[in-house]
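Single-structure report; data block below.
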Amino acid sequence: MKTVVRSILVLVSYHHNNTRKIAEAFAAVLDAQIRTPQETSPGELQQYDLIGFGSGIYDGKHHKDLLDLADRLPSVDGKKAFLFSTSFDRRIELIHSSLRKRLESKGYVIVDEFNCGGFNTNSFLKYFGGLNKGRPNAEDLKHAEEFAQNLQKK
């Protein structure tokens with residue numbers, strides 16, 4: 001008999017909905033809900049077995065609303081979480097470090113992390129047509145599905 005893992009994704013995605021596309025690919029595989037930090041109370045996350053935290057990357061880190069939620073979370077004992085993002089900067093160890101540190105300090109175990117390119121028109125980039133146009137693309141979404149399938153095995 002297959003064990004049901006209750007999953008939820010907490011997401012901030014608004015400019016081009018790059019990260020939402022990735023979250024929707026995860027959600028389809030994990031049968032997970034997608035919520036914003038504003039729609040999520042820190043205590044309710046305790047009822048889930050696996051929690052995904054994701055956003056675009058802003059000034060080298062996840063969105064402020066997601067970091068603020070992480071700061072408000074109660075301490076847990078080894079609850080499983082994963083991080084995801086879309087960005088121009090693909091150095092996952094660096095760009096996920098702020099959120100990772102916050103969650104680990106609360107007792108979360110980060111089981112995996114995902115990043116892919118996302119269309120970016122922030123700041124001066126809008127004058128040049130942006131970077132990573134068309135991303136995430138079909139290949140990125142396929143990698144997201146594979147990532148989520150691997151999460152189910154962990």
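Please note that chains go A, B, ... in the order of the structure tokens, that every chain numbers its residues from 1, and that ligands are numbered from 1 in the order shown.
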
For this session: Check the DSSP output for the backbone and give back, as a PyMOL selection string, the residues of range 2-110 of chain A in helix (DSSP H, G or I).
Result: chain A and resi 18-30+37-39+42-47+64-72+92-95+97-105

Export N, CA and C atoms of the chosen residues as a short mmCIF file (atom, residue, chain, number, x, y, z; two decimals), in the first residue's frame?
data_model
loop_
_atom_site.label_atom_id
_atom_site.label_comp_id
_atom_site.auth_asym_id
_atom_site.auth_seq_id
_atom_site.Cartn_x
_atom_site.Cartn_y
_atom_site.Cartn_z
N ASN A 18 6.86 32.96 -13.48
CA ASN A 18 7.85 31.92 -13.77
C ASN A 18 7.82 30.81 -12.73
N THR A 19 7.90 31.20 -11.48
CA THR A 19 8.01 30.22 -10.41
C THR A 19 6.69 29.48 -10.21
N ARG A 20 5.58 30.14 -10.48
CA ARG A 20 4.27 29.47 -10.40
C ARG A 20 4.21 28.30 -11.39
N LYS A 21 4.77 28.48 -12.58
CA LYS A 21 4.78 27.39 -13.57
C LYS A 21 5.52 26.18 -13.02
N ILE A 22 6.63 26.42 -12.37
CA ILE A 22 7.41 25.33 -11.77
C ILE A 22 6.60 24.69 -10.63
N ALA A 23 6.00 25.54 -9.78
CA ALA A 23 5.20 25.03 -8.66
C ALA A 23 4.03 24.19 -9.15
N GLU A 24 3.41 24.59 -10.24
CA GLU A 24 2.29 23.82 -10.78
C GLU A 24 2.75 22.44 -11.28
N ALA A 25 3.95 22.37 -11.84
CA ALA A 25 4.50 21.07 -12.25
C ALA A 25 4.75 20.20 -11.02
N PHE A 26 5.30 20.78 -9.95
CA PHE A 26 5.50 20.04 -8.71
C PHE A 26 4.16 19.56 -8.15
N ALA A 27 3.19 20.49 -8.09
CA ALA A 27 1.90 20.20 -7.48
C ALA A 27 1.18 19.06 -8.19
N ALA A 28 1.30 18.99 -9.50
CA ALA A 28 0.65 17.92 -10.26
C ALA A 28 1.20 16.56 -9.87
N VAL A 29 2.49 16.48 -9.65
CA VAL A 29 3.13 15.20 -9.27
C VAL A 29 2.87 14.88 -7.80
N LEU A 30 2.99 15.88 -6.94
CA LEU A 30 2.90 15.67 -5.49
C LEU A 30 1.47 15.75 -4.95
N PRO A 37 2.47 33.07 1.06
CA PRO A 37 2.74 33.22 2.49
C PRO A 37 1.57 33.89 3.22
N GLN A 38 0.87 34.81 2.55
CA GLN A 38 -0.26 35.50 3.18
C GLN A 38 -1.44 34.56 3.41
N GLU A 39 -1.54 33.50 2.62
CA GLU A 39 -2.62 32.52 2.76
C GLU A 39 -2.25 31.38 3.69
N PRO A 42 1.67 29.94 10.02
CA PRO A 42 2.81 29.10 10.39
C PRO A 42 2.41 27.79 11.06
N GLY A 43 1.39 27.83 11.89
CA GLY A 43 0.98 26.63 12.61
C GLY A 43 0.37 25.57 11.71
N GLU A 44 -0.35 25.97 10.67
CA GLU A 44 -1.02 24.99 9.80
C GLU A 44 -0.03 24.14 9.01
N LEU A 45 1.18 24.63 8.81
CA LEU A 45 2.16 23.87 8.04
C LEU A 45 2.56 22.58 8.77
N GLN A 46 2.28 22.52 10.06
CA GLN A 46 2.66 21.34 10.83
C GLN A 46 1.89 20.09 10.40
N GLN A 47 0.76 20.26 9.74
CA GLN A 47 -0.05 19.10 9.33
C GLN A 47 0.46 18.46 8.03
N LYS A 64 10.99 38.52 0.07
CA LYS A 64 10.88 38.94 1.48
C LYS A 64 9.70 38.29 2.20
N ASP A 65 8.56 38.17 1.53
CA ASP A 65 7.38 37.56 2.17
C ASP A 65 7.65 36.11 2.58
N LEU A 66 8.40 35.39 1.78
CA LEU A 66 8.73 34.01 2.10
C LEU A 66 9.74 33.94 3.25
N LEU A 67 10.71 34.84 3.24
CA LEU A 67 11.69 34.89 4.33
C LEU A 67 11.01 35.28 5.64
N ASP A 68 10.05 36.23 5.57
CA ASP A 68 9.31 36.63 6.77
C ASP A 68 8.50 35.47 7.34
N LEU A 69 7.87 34.69 6.46
CA LEU A 69 7.12 33.52 6.93
C LEU A 69 8.07 32.54 7.61
N ALA A 70 9.22 32.29 7.02
CA ALA A 70 10.20 31.37 7.62
C ALA A 70 10.60 31.85 9.01
N ASP A 71 10.74 33.14 9.19
CA ASP A 71 11.09 33.68 10.51
C ASP A 71 10.00 33.44 11.54
N ARG A 72 8.75 33.38 11.11
CA ARG A 72 7.61 33.21 12.02
C ARG A 72 7.27 31.75 12.31
N ILE A 92 22.83 27.98 -6.87
CA ILE A 92 21.78 27.57 -5.93
C ILE A 92 22.25 27.63 -4.47
N GLU A 93 23.49 27.25 -4.20
CA GLU A 93 23.99 27.30 -2.82
C GLU A 93 23.94 28.73 -2.28
N LEU A 94 24.26 29.68 -3.11
CA LEU A 94 24.27 31.08 -2.70
C LEU A 94 22.86 31.66 -2.63
N ILE A 95 22.09 31.52 -3.69
CA ILE A 95 20.79 32.19 -3.74
C ILE A 95 19.75 31.58 -2.80
N SER A 97 20.66 30.32 0.22
CA SER A 97 21.27 30.25 1.55
C SER A 97 20.46 30.97 2.63
N SER A 98 19.89 32.12 2.32
CA SER A 98 19.16 32.87 3.33
C SER A 98 17.93 32.10 3.83
N LEU A 99 17.15 31.56 2.90
CA LEU A 99 15.97 30.78 3.28
C LEU A 99 16.37 29.45 3.93
N ARG A 100 17.38 28.80 3.36
CA ARG A 100 17.85 27.53 3.91
C ARG A 100 18.26 27.69 5.38
N LYS A 101 19.05 28.72 5.68
CA LYS A 101 19.52 28.95 7.05
C LYS A 101 18.35 29.18 8.00
N ARG A 102 17.38 29.98 7.57
CA ARG A 102 16.21 30.24 8.41
C ARG A 102 15.46 28.95 8.74
N LEU A 103 15.21 28.14 7.71
CA LEU A 103 14.44 26.91 7.93
C LEU A 103 15.23 25.90 8.76
N GLU A 104 16.50 25.74 8.46
CA GLU A 104 17.30 24.80 9.24
C GLU A 104 17.41 25.22 10.70
N SER A 105 17.44 26.52 10.97
CA SER A 105 17.51 26.99 12.35
C SER A 105 16.22 26.67 13.12
#

Exercise. Where in range 14-145 of chain A does DSSP assign strand (DSSP E), given as a PyMOL selection string?
Worked result: chain A and resi 33-35+50-58+61-62+80-87+109-117

Exercise. Pick the closest to Ser55 in chain A from A:Ser87, A:Asn115, A:Ser41, A:Val12: which is it, counting only C-alpha atoms?
Worked result: A:Val12

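Closest approach to Thr86 in chain A from the set A:Arg6, A:Arg35, A:Lys153, A:Lys61 is made by A:Lys61, with distances taken over only C-alpha atoms.
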
Problem set entry | Pick from A:Val10, A:Ala81, A:Ala148, A:Leu73 nearest to Gly54 in chain A, counting only C-alpha atoms | A:Val10

For this session: Excluding Gln33 in chain A and residues on its chain fewer than 6 positions from it, collect all residues at most 8 Å away from it, counting only C-alpha atoms, and give them as a ChimeraX atom specification.
Result: /A:7-9,27

How would the residues just chosen look if you wrote them out with C-alpha atoms as a CSV table (one decimal), in the first residue's frame?
chain,number,residue,atom,x,y,z
A,7,SER,CA,2.4,18.2,0.6
A,8,ILE,CA,2.0,21.9,0.3
A,9,LEU,CA,3.9,24.5,-1.7
A,27,ALA,CA,1.9,20.2,-7.5

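What separates CA of Thr40 in chain A from CA of Tyr108 in chain A is a distance of 17.0 Å.
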
Seminar exercise, completed: Of A:Arg91, A:Val76, A:Val5, A:Ala138, the one nearest to Gly60 in chain A when counting only C-alpha atoms is A:Arg91

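Among the candidates A:Lys154, A:His62, A:Gln149, A:Lys142, the one nearest to Val109 in chain A when counting only C-alpha atoms is A:Lys154.
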